[in-house]
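A.B. asks: The structure under discussion is supplied below as structure tokens; questions concerning it will follow.
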Amino acid sequence: MAKDYSRTQRVGDQMQRELAVLIQREIKDPRLGLVTITAVEVSRDLSHAKVFITVMGKDDPEQILLNLEILSEAAGYLRMLLGKLMKVRSIPQLHFHYDASIRRGAELSALIERAVAEDRRHQDGGEE
């Protein structure tokens, strides 16, 4: 029977949980916003990890880039802390990326709501 949940997925999930706590507690840069880790994709050889983040309440591209820069500078420190917390022989190198899917989802949801409201107005206007 094949494994439904691979080792890379387990490592990625654990890294996501640990990084969420570490970024909140250990990164003391006041410029860093409220960062949420949305996903961690680990390569098959466990040498690299893409860490996808969102910044709560910040849609400004400059703020997003600043947060990514802060996290990229702290990647080595975070990797060292992960090494102490996780029972893995080698910790993957961390690469931070902005996850725009939540923002796109909110935009699509707003578009759908607007279309439904417009539909209702047309139906109410057509019945009279």
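Residues are named by chain letter and number: chains run A, B, ... in the order of the structure tokens, numbers start at 1 in each chain, and ligands are numbered from 1 in the order shown.
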Neighbouring residues of His95 (chain A) were defined as those with any atom within 10 Å, considering only C-alpha atoms; residues of the same chain fewer than 3 positions away were excluded. Please report them as an MDAnalysis selection string.
C.D. replies: chainID A and resid 40:41 48:52 68 71:72 75 92
A.B. asks: Please, what distance in Å, to one decimal, runs between CA of Ala20 (chain A) and CA of Arg104 (chain A)?
C.D. replies: 22.4 Å
A.B. asks: For Arg79 (chain A), which of A:Ile91, A:Met15, A:Ile23, A:Ile102 is the closest residue, counting only C-alpha atoms?
C.D. replies: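 Closest to Arg79 (chain A), using only C-alpha atoms: A:Ile91.
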A.B. asks: Find the residue from A:Arg103, A:Arg10, A:Lys84, A:Arg114 that sits nearest to Ala39 (chain A); use only C-alpha atoms when measuring.
C.D. replies: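 Comparing A:Arg103, A:Arg10, A:Lys84, A:Arg114 against Ala39 (chain A), the winner is A:Arg10.
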A.B. asks: Residues near Met56 (chain A), anyone? I mean within 8 Å using only C-alpha atoms, not counting same-chain ones fewer than 5 positions away, as a PyMOL selection string.
C.D. replies: chain A and resi 33-36
A.B. asks: Calculate how many Å separate CA of Asp45 (chain A) from CA of Ala100 (chain A), rounding to one decimal.
C.D. replies: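 Pair CA of Asp45 (chain A) / CA of Ala100 (chain A) returns 26.7 Å.
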